[in-house]
Structure formats: structure tokens, C-alpha cells
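Visitor: mmCIF, C-alpha atoms and all ligand atoms, file data-v4.cif:
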```
data_data
#
loop_
_atom_site.label_atom_id
_atom_site.label_comp_id
_atom_site.auth_asym_id
_atom_site.auth_seq_id
_atom_site.Cartn_x
_atom_site.Cartn_y
_atom_site.Cartn_z
CA MET N 4 0.00 0.00 0.00
CA ARG N 5 1.22 3.52 -0.78
CA ALA N 6 2.21 5.55 2.27
CA ALA N 7 1.66 9.30 2.78
CA VAL N 8 5.01 11.01 3.42
CA VAL N 9 5.50 14.51 4.85
CA LYS N 10 7.17 16.79 2.29
CA GLY N 11 6.50 20.26 3.69
CA VAL N 12 5.27 22.03 6.82
CA GLY N 13 3.87 25.52 7.36
CA ALA N 14 1.95 27.50 9.94
CA SER N 15 0.14 30.78 10.38
CA LEU N 16 -0.63 32.71 13.55
CA PRO N 17 -2.73 35.87 13.87
CA GLN N 18 -0.79 38.99 14.81
CA ARG N 19 -2.82 39.82 17.91
CA VAL N 20 -1.39 38.49 21.19
CA VAL N 21 -3.92 38.18 24.02
CA THR N 22 -2.42 38.00 27.50
CA ASN N 23 -3.95 36.46 30.61
CA ASP N 24 -4.00 39.90 32.17
CA GLU N 25 -6.10 41.20 29.27
CA LEU N 26 -8.67 38.45 29.91
CA ALA N 27 -8.55 39.13 33.66
CA GLY N 28 -9.54 42.69 32.81
CA TYR N 29 -13.11 41.57 32.02
CA LEU N 30 -13.38 38.01 33.40
CA ASP N 31 -13.24 36.82 37.02
CA THR N 32 -9.87 35.09 36.54
CA SER N 33 -6.15 35.77 36.96
CA ASP N 34 -2.82 35.12 35.27
CA GLU N 35 -1.88 32.86 38.19
CA TRP N 36 -5.08 30.74 37.88
CA ILE N 37 -4.79 30.34 34.12
CA ARG N 38 -1.08 29.45 34.22
CA SER N 39 -1.42 26.96 37.06
CA ARG N 40 -4.53 25.18 35.66
CA THR N 41 -3.70 25.26 31.94
CA GLY N 42 -0.06 26.26 31.42
CA ILE N 43 -1.22 29.02 29.06
CA GLY N 44 0.45 32.42 29.23
CA THR N 45 -0.64 34.03 25.96
CA ARG N 46 -2.72 33.09 22.93
CA ARG N 47 -3.35 34.59 19.47
CA TRP N 48 -6.79 35.77 18.41
CA VAL N 49 -7.66 37.12 14.97
CA ASP N 50 -8.42 40.77 14.38
CA ALA N 51 -11.91 41.67 13.14
CA GLY N 52 -12.53 40.40 9.63
CA VAL N 53 -9.88 37.65 9.60
CA SER N 54 -11.36 34.18 9.00
CA THR N 55 -10.33 30.54 9.20
CA ALA N 56 -9.86 30.46 5.40
CA ASP N 57 -7.43 33.39 5.69
CA LEU N 58 -5.22 31.54 8.21
CA ALA N 59 -5.59 28.25 6.32
CA THR N 60 -4.57 29.84 3.02
CA GLN N 61 -1.47 31.40 4.55
CA ALA N 62 -0.41 28.19 6.32
CA GLY N 63 -1.11 26.22 3.14
CA ALA N 64 0.99 28.60 1.01
CA LEU N 65 3.89 28.27 3.44
CA ALA N 66 3.64 24.45 3.52
CA LEU N 67 3.70 24.41 -0.29
CA ARG N 68 6.77 26.66 -0.21
CA SER N 69 8.38 24.34 2.34
CA ALA N 70 7.68 21.39 0.02
CA GLY N 71 9.06 23.29 -2.98
CA ILE N 72 5.91 22.79 -5.07
CA ASP N 73 3.02 25.02 -6.12
CA ARG N 74 0.28 22.46 -6.74
CA VAL N 75 -1.22 19.39 -5.07
CA ASP N 76 -3.97 16.96 -6.12
CA ALA N 77 -6.21 17.54 -3.09
CA VAL N 78 -6.77 19.93 -0.18
CA VAL N 79 -8.18 18.80 3.19
CA VAL N 80 -9.08 21.40 5.82
CA ALA N 81 -9.72 20.22 9.39
CA THR N 82 -11.67 22.85 11.30
CA THR N 83 -14.33 23.40 13.95
CA THR N 84 -14.78 26.99 12.81
CA PRO N 85 -15.48 26.99 9.04
CA ASP N 86 -16.01 30.37 7.38
CA ARG N 87 -19.64 29.37 6.83
CA LEU N 88 -21.82 26.43 7.93
CA CYS N 89 -22.11 25.65 4.22
CA PRO N 90 -20.15 25.24 1.96
CA ALA N 91 -16.90 23.76 3.25
CA THR N 92 -13.83 25.98 3.64
CA ALA N 93 -11.39 23.79 1.68
CA PRO N 94 -12.63 24.66 -1.86
CA GLU N 95 -12.12 28.38 -1.19
CA VAL N 96 -8.64 27.71 0.22
CA ALA N 97 -7.73 25.60 -2.83
CA THR N 98 -8.91 28.33 -5.18
CA ARG N 99 -7.07 31.07 -3.28
CA LEU N 100 -3.92 28.94 -3.59
CA GLY N 101 -4.43 28.84 -7.37
CA MET N 102 -5.79 25.28 -7.54
CA THR N 103 -9.40 25.61 -8.71
CA GLY N 104 -10.66 22.25 -9.97
CA ILE N 105 -8.93 19.92 -7.50
CA SER N 106 -10.49 17.75 -4.77
CA ALA N 107 -11.20 19.81 -1.63
CA HIS N 108 -13.16 18.96 1.50
CA ASP N 109 -13.41 19.72 5.23
CA VAL N 110 -13.13 17.40 8.21
CA ASN N 111 -14.66 18.18 11.63
CA ALA N 112 -13.35 16.23 14.62
CA VAL N 113 -12.86 19.32 16.84
CA CYS N 114 -9.48 19.01 18.62
CA THR N 115 -8.74 15.63 17.00
CA GLY N 116 -9.24 17.26 13.61
CA PHE N 117 -5.58 17.28 12.63
CA LEU N 118 -5.30 13.49 13.00
CA TYR N 119 -8.67 12.81 11.32
CA GLY N 120 -7.60 15.17 8.51
CA LEU N 121 -4.35 13.26 8.20
CA ALA N 122 -6.33 10.01 7.96
CA SER N 123 -8.30 11.51 5.09
CA ALA N 124 -5.09 12.56 3.31
CA VAL N 125 -3.52 9.14 3.93
CA GLY N 126 -6.62 7.48 2.47
CA LEU N 127 -6.63 9.66 -0.68
CA ILE N 128 -2.99 8.74 -1.29
CA ALA N 129 -3.27 5.04 -0.38
CA ALA N 130 -6.23 4.56 -2.75
CA GLY N 131 -4.38 6.25 -5.60
CA ASN N 132 -6.87 9.13 -5.76
CA ALA N 133 -4.12 11.68 -5.11
CA ASP N 134 -0.33 11.69 -5.32
CA THR N 135 0.00 14.87 -3.25
CA VAL N 136 -2.28 16.34 -0.57
CA LEU N 137 -2.22 19.63 1.33
CA MET N 138 -3.65 18.94 4.81
CA ILE N 139 -4.41 22.06 6.86
CA GLY N 140 -5.72 22.31 10.42
CA ALA N 141 -7.11 25.82 10.91
CA GLU N 142 -9.20 27.53 13.56
CA THR N 143 -10.58 30.90 14.54
CA PHE N 144 -11.88 29.59 17.85
CA SER N 145 -12.11 33.13 19.22
CA THR N 146 -15.17 33.60 16.97
CA ILE N 147 -17.18 30.91 18.83
CA LEU N 148 -16.02 31.66 22.40
CA ASP N 149 -18.47 33.14 24.87
CA PRO N 150 -16.61 36.21 26.13
CA LYS N 151 -18.36 35.76 29.50
CA ASP N 152 -17.34 32.07 29.95
CA ARG N 153 -14.07 31.98 31.89
CA GLY N 154 -13.93 28.18 31.60
CA THR N 155 -13.35 28.30 27.82
CA ALA N 156 -12.28 31.85 26.93
CA VAL N 157 -8.92 31.40 28.67
CA ILE N 158 -8.08 28.12 26.88
CA PHE N 159 -8.95 28.28 23.19
CA ALA N 160 -7.19 30.20 20.44
CA ASP N 161 -6.63 30.78 16.73
CA GLY N 162 -4.01 29.54 14.27
CA ALA N 163 -3.29 27.16 11.40
CA GLY N 164 -0.79 24.37 10.74
CA ALA N 165 -0.32 22.56 7.43
CA LEU N 166 1.48 19.57 5.97
CA VAL N 167 2.13 18.68 2.35
CA LEU N 168 2.03 14.89 1.92
CA ARG N 169 3.21 12.90 -1.08
CA ALA N 170 2.90 9.25 -2.10
CA GLY N 171 5.85 7.15 -0.93
CA GLU N 172 6.94 4.05 0.97
CA ALA N 173 6.14 3.15 4.58
CA HIS N 174 9.84 2.83 5.50
CA GLU N 175 10.74 6.38 4.39
CA PRO N 176 11.29 9.18 6.92
CA GLY N 177 8.11 11.24 7.02
CA ALA N 178 5.76 8.31 6.34
CA ILE N 179 2.62 8.51 8.50
CA GLY N 180 2.35 5.29 10.55
CA PRO N 181 -0.80 3.36 11.40
CA LEU N 182 -3.49 5.79 12.60
CA VAL N 183 -5.61 4.80 15.57
CA LEU N 184 -8.89 6.76 15.60
CA GLY N 185 -11.88 6.51 17.92
CA SER N 186 -15.09 8.21 19.03
CA ASP N 187 -17.91 8.12 21.60
CA GLY N 188 -21.02 10.04 20.57
CA SER N 189 -22.77 9.30 23.89
CA LEU N 190 -20.58 12.05 25.35
CA ALA N 191 -21.26 14.66 22.65
CA ASP N 192 -22.67 17.04 25.27
CA LEU N 193 -19.29 17.51 26.96
CA ILE N 194 -18.02 19.72 24.11
CA GLN N 195 -20.60 21.42 21.91
CA ILE N 196 -22.21 24.48 20.37
CA PRO N 197 -25.84 23.70 21.28
CA ALA N 198 -27.62 26.00 18.80
CA GLY N 199 -27.37 26.82 15.11
CA GLY N 200 -27.44 23.24 13.81
CA SER N 201 -30.37 21.19 12.53
CA ARG N 202 -31.37 19.86 15.96
CA GLN N 203 -32.10 23.31 17.35
CA ARG N 204 -33.42 24.72 14.06
CA SER N 205 -35.88 21.88 13.48
CA SER N 206 -37.17 22.17 17.04
CA GLY N 207 -38.82 25.44 16.11
CA VAL N 208 -37.69 26.80 19.48
CA SER N 209 -35.35 29.76 19.43
CA ALA N 210 -32.25 29.35 21.55
CA PRO N 211 -30.80 31.84 24.04
CA PRO N 212 -27.84 33.80 22.65
CA GLU N 213 -25.28 31.93 24.81
CA ASP N 214 -26.25 28.62 23.15
CA TYR N 215 -24.64 29.81 19.91
CA PHE N 216 -21.27 29.79 21.69
CA PHE N 217 -18.88 26.91 22.37
CA LYS N 218 -19.43 25.10 25.68
CA MET N 219 -17.24 22.58 27.51
CA ARG N 220 -17.62 20.60 30.73
CA GLY N 221 -13.94 20.97 31.55
CA ARG N 222 -13.48 18.65 34.49
CA GLU N 223 -15.13 15.66 32.76
CA VAL N 224 -13.26 16.41 29.52
CA TYR N 225 -9.98 16.37 31.40
CA ARG N 226 -10.51 12.82 32.68
CA HIS N 227 -11.56 11.40 29.29
CA ALA N 228 -8.74 13.23 27.50
CA VAL N 229 -6.02 11.72 29.69
CA GLU N 230 -7.44 8.20 29.37
CA ARG N 231 -8.10 8.27 25.63
CA MET N 232 -4.88 10.01 24.60
CA SER N 233 -2.79 7.55 26.64
CA ALA N 234 -4.63 4.45 25.39
CA SER N 235 -4.64 5.48 21.73
CA ALA N 236 -0.94 6.38 21.89
CA LEU N 237 -0.11 2.90 23.21
CA GLU N 238 -2.27 1.29 20.52
CA ALA N 239 -0.63 3.33 17.75
CA LEU N 240 2.79 2.20 18.94
CA SER N 241 1.69 -1.41 19.11
CA ARG N 242 0.14 -1.26 15.61
CA ALA N 243 3.45 0.13 14.31
CA GLY N 244 5.39 -2.70 16.03
CA LEU N 245 7.10 -0.24 18.37
CA THR N 246 7.45 0.30 22.11
CA MET N 247 7.84 3.45 24.20
CA SER N 248 11.63 3.04 24.15
CA ASP N 249 11.54 3.69 20.37
CA VAL N 250 9.98 7.15 20.88
CA ASP N 251 12.25 10.21 20.73
CA LYS N 252 9.63 12.97 20.92
CA PHE N 253 6.05 13.11 22.18
CA VAL N 254 3.80 15.51 20.21
CA PRO N 255 0.48 15.78 22.07
CA HIS N 256 -2.44 17.96 20.98
CA GLN N 257 -1.95 21.15 23.00
CA ALA N 258 -5.18 20.88 25.04
CA ASN N 259 -3.50 22.19 28.14
CA GLN N 260 -0.20 21.58 29.89
CA ARG N 261 -1.70 19.52 32.71
CA ILE N 262 -3.23 17.07 30.22
CA SER N 263 0.09 16.73 28.34
CA VAL N 264 1.97 16.11 31.60
CA ALA N 265 -0.60 13.60 32.86
CA VAL N 266 -0.55 11.64 29.58
CA GLY N 267 3.26 11.78 29.50
CA MET N 268 3.42 10.39 33.03
CA ARG N 269 1.11 7.51 32.16
CA LEU N 270 3.23 6.69 29.12
CA GLY N 271 6.55 7.06 30.93
CA ILE N 272 7.64 9.99 28.75
CA SER N 273 9.90 12.65 30.22
CA ALA N 274 9.27 16.40 30.08
CA GLU N 275 12.39 16.74 27.87
CA GLN N 276 10.86 14.38 25.31
CA THR N 277 7.58 16.29 25.20
CA VAL N 278 7.28 19.18 22.76
CA SER N 279 4.95 21.99 23.74
CA ASN N 280 3.87 25.46 22.67
CA VAL N 281 0.64 25.80 24.66
CA GLU N 282 2.22 28.44 26.90
CA ARG N 283 2.46 30.83 23.94
CA VAL N 284 -0.42 29.82 21.65
CA GLY N 285 -3.10 28.18 23.83
CA ASN N 286 -5.35 25.38 22.56
CA THR N 287 -5.82 25.85 18.81
CA ALA N 288 -7.99 22.72 18.42
CA ALA N 289 -7.64 21.17 14.92
CA ALA N 290 -4.64 23.40 14.17
CA SER N 291 -2.71 22.44 17.28
CA ILE N 292 -0.57 19.49 16.14
CA GLY N 293 0.30 21.08 12.78
CA LEU N 294 1.24 24.35 14.45
CA LEU N 295 3.34 22.49 17.02
CA LEU N 296 5.16 20.46 14.35
CA ALA N 297 5.99 23.67 12.46
CA GLU N 298 7.16 25.65 15.49
CA ALA N 299 9.16 22.80 17.02
CA THR N 300 10.88 22.19 13.67
CA ALA N 301 11.68 25.90 13.24
CA GLU N 302 13.10 26.05 16.78
CA GLY N 303 15.16 22.90 16.34
CA SER N 304 13.42 20.86 19.04
CA LEU N 305 12.22 18.44 16.34
CA ARG N 306 14.97 17.09 14.10
CA ALA N 307 15.18 14.76 11.12
CA GLY N 308 15.37 11.12 12.12
CA GLN N 309 13.55 11.44 15.44
CA ARG N 310 10.63 9.07 15.99
CA LEU N 311 7.50 10.98 16.99
CA LEU N 312 4.42 9.83 18.88
CA LEU N 313 1.38 12.03 18.15
CA THR N 314 -1.93 11.92 20.02
CA ALA N 315 -5.05 14.07 20.24
CA PHE N 316 -8.47 14.27 21.87
CA GLY N 317 -11.50 16.43 21.22
CA GLY N 318 -15.23 16.94 20.98
CA GLY N 319 -17.39 14.17 19.61
CA LEU N 320 -15.89 12.74 21.67
CA THR N 321 -13.04 11.85 19.34
CA TRP N 322 -9.44 10.76 19.82
CA GLY N 323 -6.50 9.40 17.88
CA ALA N 324 -2.78 8.73 17.66
CA THR N 325 -0.04 7.85 15.20
CA THR N 326 3.73 7.58 14.87
CA MET N 327 6.25 8.75 12.31
CA VAL N 328 9.95 9.42 11.80
CA TRP N 329 10.35 13.17 11.27
CA PRO N 330 11.85 13.93 7.84
CA GLN N 331 14.39 16.54 6.75
CA VAL N 332 12.13 19.53 6.23
CA THR N 333 12.24 23.31 6.71
CA ALA N 334 9.21 24.79 8.47
CA HIS N 335 7.86 28.16 7.34
CA ILE N 336 5.79 30.20 9.81
CA SER N 337 3.98 33.44 8.98
CA SER N 338 4.22 35.21 12.28
CA PRO N 339 7.22 34.36 14.46
CA PRO N 340 6.17 33.48 18.01
CA ARG N 341 9.52 34.55 19.44
CA PRO N 342 12.73 36.18 18.22
CA GLY N 343 15.01 33.86 16.30
CA VAL N 344 12.33 31.87 14.51
CA GLU N 345 12.49 32.33 10.75
CA ALA N 346 9.68 34.56 9.49
CA LEU N 347 8.42 34.18 5.96
CA ALA N 348 5.34 36.14 5.05
CA SER N 349 3.34 34.52 2.28
N1 LIG J 1 -10.47 31.48 36.35
C1 LIG J 1 -10.77 31.33 37.65
N2 LIG J 1 -11.59 30.35 38.08
C2 LIG J 1 -12.10 29.51 37.17
C3 LIG J 1 -11.81 29.62 35.80
C4 LIG J 1 -10.96 30.66 35.39
N3 LIG J 1 -10.62 30.87 34.12
N4 LIG J 1 -12.46 28.65 35.14
C5 LIG J 1 -13.13 27.93 36.05
N5 LIG J 1 -12.92 28.46 37.27
C6 LIG J 1 -13.45 28.04 38.55
C7 LIG J 1 -14.73 27.27 38.43
O1 LIG J 1 -15.84 28.14 38.28
C8 LIG J 1 -14.77 26.54 39.74
O2 LIG J 1 -15.24 27.39 40.74
P1 LIG J 1 -16.21 26.82 41.90
O3 LIG J 1 -15.39 25.78 42.60
O4 LIG J 1 -16.50 28.04 42.69
O5 LIG J 1 -17.38 26.25 41.17
C9 LIG J 1 -13.30 26.27 40.02
O6 LIG J 1 -12.55 27.17 39.19
C10 LIG J 1 -12.90 24.87 39.67
O7 LIG J 1 -13.48 24.59 38.40
P2 LIG J 1 -13.11 23.30 37.63
O8 LIG J 1 -13.70 23.32 36.26
O9 LIG J 1 -13.40 22.11 38.47
O10 LIG J 1 -11.56 23.56 37.55
P3 LIG J 1 -10.46 22.60 37.08
O11 LIG J 1 -9.40 22.52 38.07
O12 LIG J 1 -11.03 21.35 36.55
O13 LIG J 1 -9.87 23.43 35.86
C11 LIG J 1 -10.07 23.46 33.48
C12 LIG J 1 -10.69 23.85 34.79
C13 LIG J 1 -11.01 23.88 32.34
C14 LIG J 1 -8.74 24.17 33.32
C15 LIG J 1 -9.87 21.94 33.53
O14 LIG J 1 -11.07 21.29 33.83
C16 LIG J 1 -9.34 21.39 32.25
O15 LIG J 1 -8.20 21.61 31.94
N6 LIG J 1 -10.18 20.64 31.51
C17 LIG J 1 -9.83 20.16 30.22
C18 LIG J 1 -10.12 21.26 29.27
C19 LIG J 1 -9.42 21.07 27.99
O16 LIG J 1 -8.23 21.12 27.89
N7 LIG J 1 -10.20 20.84 26.97
C20 LIG J 1 -9.72 20.71 25.70
C21 LIG J 1 -9.79 19.29 25.33
S1 LIG J 1 -9.49 19.20 23.64
#
```
Would you mind giving the structure from this file in C-alpha cells?
Ligand code: COA
Guide:
Amino acid sequence: MRAAVVKGVGASLPQRVVTNDELAGYLDTSDEWIRSRTGIGTRRWVDAGVSTADLATQAGALALRSAGIDRVDAVVVATTTPDRLCPATAPEVATRLGMTGISAHDVNAVCTGFLYGLASAVGLIAAGNADTVLMIGAETFSTILDPKDRGTAVIFADGAGALVLRAGEAHEPGAIGPLVLGSDGSLADLIQIPAGGSRQRSSGVSAPPEDYFFKMRGREVYRHAVERMSASALEALSRAGLTMSDVDKFVPHQANQRISVAVGMRLGISAEQTVSNVERVGNTAAASIGLLLAEATAEGSLRAGQRLLLTAFGGGLTWGATTMVWPQVTAHISSPPRPGVEALAS
């Protein structure tokens, strides 16, 4: 079977940095509370008028530049925050990247979106329906946050991360390993936007304004996230014929620092092996793993030849994990998160 192999990586962050102190200016919270419970110090939120497609297009352009190509056969966008409920965001992104006519679709698995999107890209390549795929995780989560909800407004953030994948062999560096994916719809209520979809619309009952915002039952989510991320990571290793001792770097979805630490402890992974950017960018949902791969590559904390273990968890509920050997690749990022990281505006 043809494998999907990483050929390029790019990311885009909005310019606007939102500090914990800024949030504490209008919410009953504090920098100390947010840092100690989530590990988050700052996050990026879009300025008025900037959409998910804008971030996705920029990250996609930079991933194409990283791959040294200007066309792919298919675009997949993983997002919880599409520009519109209908149509999907991917066709617009493909067209803005100069690729009108190609396959383009969205995937929604909330914070597991990057791994479900990867599965879609892997499938397109394995079946011979595409030789190259641009897979973008992109979010403008700030647009669905309830500004009055301190339980979510301090955690979620905006950004985009993208990979270019090409057809290749399973033994090559960059080949995506077996993907373990799972879901449990009985717990859909833990992470949801209650109104605006067909269930509320067909009820004929108008919803209160707060029901159009994102809601999360944080404490319950925490418990499920730790269990599912740990179990799926172990299963992905086992399906790849590997053990924990084969892993060089752990790349968890940046839900929050406490979740990453708890999963790492269960797996026996050290803090030095765990890559993280949640302190600077918050939880960017479907964009999180792509953004982390790009930043960690640009900073040099991910290097060619290292074996990575990736895992994620999100609304649905959904979860997933996979492994790969990181290839020789240069990451391009639109908006440098700290001095010293290469900046390349698209
Ligand atoms: N600032 C100050 N206090 C806050 C707060 C904030 N931003 N958010 C919640 N609180 C309060 C709660 O209202 C509650 O107060 P009460 O005891 O008076 O009712 C108290 O802190 C404890 O709330 P709880 O939700 O139990 O806190 P917690 O220790 O579980 O931490 C989260 C809250 C959201 C940080 C935590 O549950 C969490 O990390 N959950 C996972 C969320 C996540 O990462 N989701 C993404 C998955 S993809």
C-alpha cells in the first residue's frame, strides 16, 4: 500500500497576542489561575474580519513553499470553525492557492481534527486518488467563544498548521504510521455548540444567545482526554510494532499543559521528550498538532530522524494517535512566536 510522506510544513498565527491579564480585565480570573490550571500564558486571536480560510490559506501557502511545489492533487481542511456552515472551507482555500478544480473537503473532529484530517489525506494517497495532498488544520476559535465564559475563553485560540504529503513508501522518513482513531457520541454534550445546527433549528424553538457559543464541561473532559490520549498512543505504537523506548519525541495535541503532563506520566515519557507550545499559543484545536510540528521544527526541538508519537483528543468525543519518523524539512511560519524563529510572510 502507498504511504503518505511529509514533504512540507507551514503555519500561520494571527498577529494579535492576548495576555492572561487582558482576559482578567473583564473576566473573574487571573494570570496565576490560568497558568497553574492550563499552562497558558498568551494566545493569538484574529483581528476583526480575519477568518479561518485566511489563516488556512497562509499556512497552506507556506507548507507548499516548504515542500518546494506550487500544486497538489487535493486539499483537506480540518476545522471546527469553518467560514460558513455551508459550503466547506477547503474549496475556497484551494482556489485562493491557485488550484481551482482539485479535490477539496473539510473534516470536523474538533481538537482531534488534525489526525482525522491526516487520515483523510492518507486514504486519498493510499487509494491512488491523489499523489500529493495539502492537509491544513485551521481555527478561529475566538469567533465561537463566549466572552463571559471563563472556563473556555482562557483556553482556546486561533491559528493554522499545514502539511504537504506525497505518495511514498512506509519505511521512508516522514511516512505517516498506522493511525488509531476513535469516538464516543454518547458524550457529545461535553463539548458542543448547542444552537445553530439542525437539531435546534428543526425544534422550532429559538435558543438563548449563549447557546450559539462553544461550551465545555472541563473537568469531565480532562478525565476522558487523559485516558483516551494515553490508550490510543499505546495502541498506535503497538500497531506500528514499536514500544515506548523507540519514541524520541512526544507531540500531544496542546489541550492544556496539565493534560500533556498527565498523559506523558502515564506513558513514561519525560518532560524533555515532550514538545509543547501551549504556553504561547493556547489550545488551537484542529490546528494544534500542525502548528506544534511547524514551530518545534523551526526552533530545532524536532529534528530529522527522530521518531515521533502524536496523540489528540476532542469533541465528539473523538481521539487518535499515530507515529512517524520526522523527515528533513524546513518549516515556514507566517508570524514568528519569538525572536530567532524564521519569518516568511506569504
Ligand atoms: N479562572 C478562575 N476560576 C475559574 C476559571 C478561570 N478561568 N475557570 C473555572 N474556574 C473556577 C470554576 O468556576 C470553579 O469554581 P467553583 O469551585 O467556585 O465552582 C473552580 O474554578 C474549579 O473549576 P473546575 O472546572 O473544576 O476547575 P479545574 O481545576 O477542573 O480546571 C479546566 C478547569 C477547564 C482548566 C480543567 O477542567 C481542564 O483543563 N479541563 C480540560 C479542558 C481542555 O483542555 N479541553 C480541551 C480538550 S481538547
Visitor: Go ahead and find all residues with at least one atom no further than 8 Å from (-8.4, 19.5, 19.4) in the file's coordinates, using all atoms listed in the file; report them as a list of chain:residue names.
Guide: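 Looking at atoms near the point gives N:Ala112, N:Val113, N:Cys114, N:Thr115, N:Gly116, N:Phe117, N:His256, N:Gln257, N:Ala258, N:Asn286, N:Thr287, N:Ala288, N:Ala289, N:Ala290, N:Ser291, N:Ala315, N:Phe316, N:Gly317, N:Gly318.
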Visitor: Would you mind listing the residues within 6 Å of ligand LIG 1 (chain J), counting only C-alpha atoms and all ligand atoms, as a PDB file with C-alpha atoms, in the frame of the given file?
Guide:
```
ATOM      1  CA  THR N  32      -9.870  35.090  36.540  1.00  0.00           C
ATOM      2  CA  TRP N  36      -5.080  30.740  37.880  1.00  0.00           C
ATOM      3  CA  ILE N  37      -4.790  30.340  34.120  1.00  0.00           C
ATOM      4  CA  ARG N  40      -4.530  25.180  35.660  1.00  0.00           C
ATOM      5  CA  THR N  41      -3.700  25.260  31.940  1.00  0.00           C
ATOM      6  CA  CYS N 114      -9.480  19.010  18.620  1.00  0.00           C
ATOM      7  CA  ARG N 153     -14.070  31.980  31.890  1.00  0.00           C
ATOM      8  CA  GLY N 154     -13.930  28.180  31.600  1.00  0.00           C
ATOM      9  CA  VAL N 157      -8.920  31.400  28.670  1.00  0.00           C
ATOM     10  CA  GLY N 221     -13.940  20.970  31.550  1.00  0.00           C
ATOM     11  CA  ARG N 222     -13.480  18.650  34.490  1.00  0.00           C
ATOM     12  CA  VAL N 224     -13.260  16.410  29.520  1.00  0.00           C
ATOM     13  CA  TYR N 225      -9.980  16.370  31.400  1.00  0.00           C
ATOM     14  CA  ALA N 258      -5.180  20.880  25.040  1.00  0.00           C
ATOM     15  CA  ASN N 259      -3.500  22.190  28.140  1.00  0.00           C
ATOM     16  CA  PHE N 316      -8.470  14.270  21.870  1.00  0.00           C
ATOM     17  CA  GLY N 317     -11.500  16.430  21.220  1.00  0.00           C
TER      18      GLY N 317
END
```
Visitor: Can you work out which one of N:Leu296, N:Met4, N:Met219, N:Leu166 has the shortest atom-to-atom distance to Gly63 (chain N), counting all atoms listed in the file?
Guide: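 Ranked by minimum distance to Gly63 (chain N), first place goes to N:Leu166.
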Visitor: Sorted by chain and rising residue number, which residues of region 75-169 of chain N lie within 10 Å of region 192-202 of chain N, and what are their closest atom pairs and distances in Å to one decimal, counting all atoms listed in the file, as a Markdown table?
Guide:
```
| residue | atom | partner | partner_atom | distance |
| --- | --- | --- | --- | --- |
| N:Leu88 | CA | N:Gly200 | CA | 8.7 |
| N:Val113 | CA | N:Ile194 | CA | 8.9 |
| N:Ile147 | CA | N:Ile196 | CA | 8.3 |
| N:Leu148 | CA | N:Ile196 | CA | 9.7 |
```
Visitor: Please save C-alpha atoms of the selected residues as a PDB file, in the frame of the given file.
Guide:
```pdb
ATOM      1  CA  LEU N  88     -21.820  26.430   7.930  1.00  0.00           C
ATOM      2  CA  VAL N 113     -12.860  19.320  16.840  1.00  0.00           C
ATOM      3  CA  ILE N 147     -17.180  30.910  18.830  1.00  0.00           C
ATOM      4  CA  LEU N 148     -16.020  31.660  22.400  1.00  0.00           C
TER       5      LEU N 148
END
```
Visitor: Please report the interatomic distance between CA of Phe253 (chain N) and CA of Ser235 (chain N) in Å with one decimal.
Guide: 13.1 Å
Visitor: Quick one: pull the distance between CA of Ala124 (chain N) and CA of Ala77 (chain N), Å, one decimal.
Guide: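 If I compute the distance from CA of Ala124 (chain N) to CA of Ala77 (chain N), I get 8.2 Å.
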Visitor: So, counting only C-alpha atoms, which residue among N:Gly44, N:Pro90, N:Pro181, N:Pro150 is closest to Gly28 (chain N)?
Guide: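 Using only C-alpha atoms, the shortest distance to Gly28 (chain N) belongs to N:Pro150.
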